[in-house]
Structure formats: C-alpha cells, structure tokens
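Quick notes on the structure that follows.
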Amino acid sequence: MLAPIHRWVWRDSERRVQKLLRFGQTETDGGHDILRAAEMTSDPLLRRLYLKHAIDEYRHGELFRRRGTALLHTLPSKPEPAFQADWLAPGGHGLDDLHVEDESDNDLLAFLHLSEKAAASRFTVYRDVLRNDGPTCAVFEEILHDEVFHMSYTLTQLARVSPQHHRRHLWRARLGRLWKGYLRIATVLAGAMGTFFLIVQYFILLPPFVLLAKRAARREQPGWTPISADRNGSLDRQY
Ligand SMILES: [Fe+2]
Ligand SMILES: [Fe+2]
C-alpha cells in the first residue's frame, strides 16, 4: 500500500546515496551489538549463531557502503544533505534501542526476531521499488536472504531456550517496540507543535509589544536626561 511513497523516497538519487550510506552504518552498528551479545551469552550454540549473525551484519554494512559509494561517483555534484524521510523509510534493525548487556537471552532473541522481521519486510519493499536500479535491487535481495535467516533462527532459538514462555517474551518485546514507536512519534509531534507555537507567538503575541516599545521610544527625550539628586551620589562601588 505504501509502495508509491517508498518509490518517491528512493527516486531521488542523492537521497538514495545518503540512505544507502547510512544503512551501511546502521548495519555495522548492529553487528557490534550482536558481537557483544555473542560475548555475553553462556549458551555455546547461541554464541555460534550470534557470531554468524554479526558477520552477516558487517557484510551488509559493507554491501550498502560499497553500493552507496558507487552511486555517489555517478552523481554530477557532491550531494547536499537531503530530507531523508527516515520515518517513512527507516533502515536497520532498531538495535540502537537495545542495551545488550542488560538483556537476557530470551529477551534479546525476542527483540531480535521482531527487529529482523521488520527489517525483512522493509527490505522486501525497498527491493521491489528499486527494480529499475539493478545493482541496488540486488544488494537488497542479497541482504534480505540473510535477514530472513536471522528472523527464523531467532524464533527457533527462543523456542528452544524458553519453550514454556517464548510467546510471553515475544509479546513483551512487541509492547516494548510499540512503546518506543509511540515515543518516536510523540517526539516528532512535540517538535512540530513546538515550532508551530513559537511561530504563532512570534507573529501574534510579539507585535503588540513591539508597538508598545516603539511608542515608548517615541516618548523618550533625545540625548542626556538629568536624574534626581538622591540617585546622583558618587560612584564608590561597582553596583
Ligand atoms: Fe542486516
Ligand atoms: Fe539482520
């Protein structure tokens, strides 16, 4: 349903370059977090899977960066910072919301499963709207393949390490994502409302004060004005 919007977001070649380069950074950052998870877990199988996952994310970062750089060289001039429409077409896995050290394996797996699922569905849309840019489409296709694997191994492992309560962990992770999504929207809304009210204040509340100040200025006598004798003592202190 949102394909036309995504098509519009990705059509601008400067924005495409900047998005790809930023996706590259996000994937690499995600790789760091999952590598940290591999260090923290006491489960040998999870450690192996996390390591493979981290390597995949580093590779995704490299693929995005390489494609972004190749496109950058085709641009006629250096791209200006463009509107990124990140809330319409975000990248990455939302791992920046996560403190790996504070999470148990159950919670981390639930969080990763949902994040990878979201990333897989977003990358499917991006791949589809970028059909006319073969190499970029191929990058998304390749990465998508790994994201589907990440999505499924995290669910399988969650069911293994927490056979009784894995659904509860998934629901908790879902609610956490919902809450963070709400906070993001609320922050954007608060910023927009702040800007709106400041503009209203500037154009509606300030003008009467400007007029009053101008009228008071007109009443002021020009030049020096004598002051009363009791305020006219010698200056023997700083204030
Ligand atoms: Fe990835
Ligand atoms: Fe992934």
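Here, A, B, ... name the chains of the structure tokens in the order displayed, residue numbers run from 1 inside each chain, and ligands are numbered from 1 in the same displayed order.
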Worksheet item: Would you name the residues within 7 Å of ligand 2, counting only C-alpha atoms and all ligand atoms, and put them as number ranges by chain?
Response: A: 53, 57, 93, 116, 146-147, 150
Practice prompt. Residues within 12 Å of ligand 1 should be enumerated using only C-alpha atoms and all ligand atoms and returned as a PyMOL selection string.
Written response: chain A and resi 23-32+34+52-64+91-95+112+115-120+122-123+139-151
Fill in: Residue nearest Thr154 in chain A - candidates A:Asp133, A:Asp107, A:Glu101, A:Asp128, atoms counted: only C-alpha atoms
A:Asp107
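Between CA of Leu178 in chain A and CA of Arg160 in chain A the separation is 25.4 Å.
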Worksheet entry | Ala173 in chain A environment, 8 Å, only C-alpha atoms, sequence neighbours closer than 2 positions dropped, as a ChimeraX atom specification | /A:107,110-111,114,169-171,175-177
Worksheet entry | Residues near Ala38 in chain A, cut-off 8 Å, only C-alpha atoms, skip fewer than 6 positions along chain, as a ChimeraX atom specification | /A:46-48,50-51
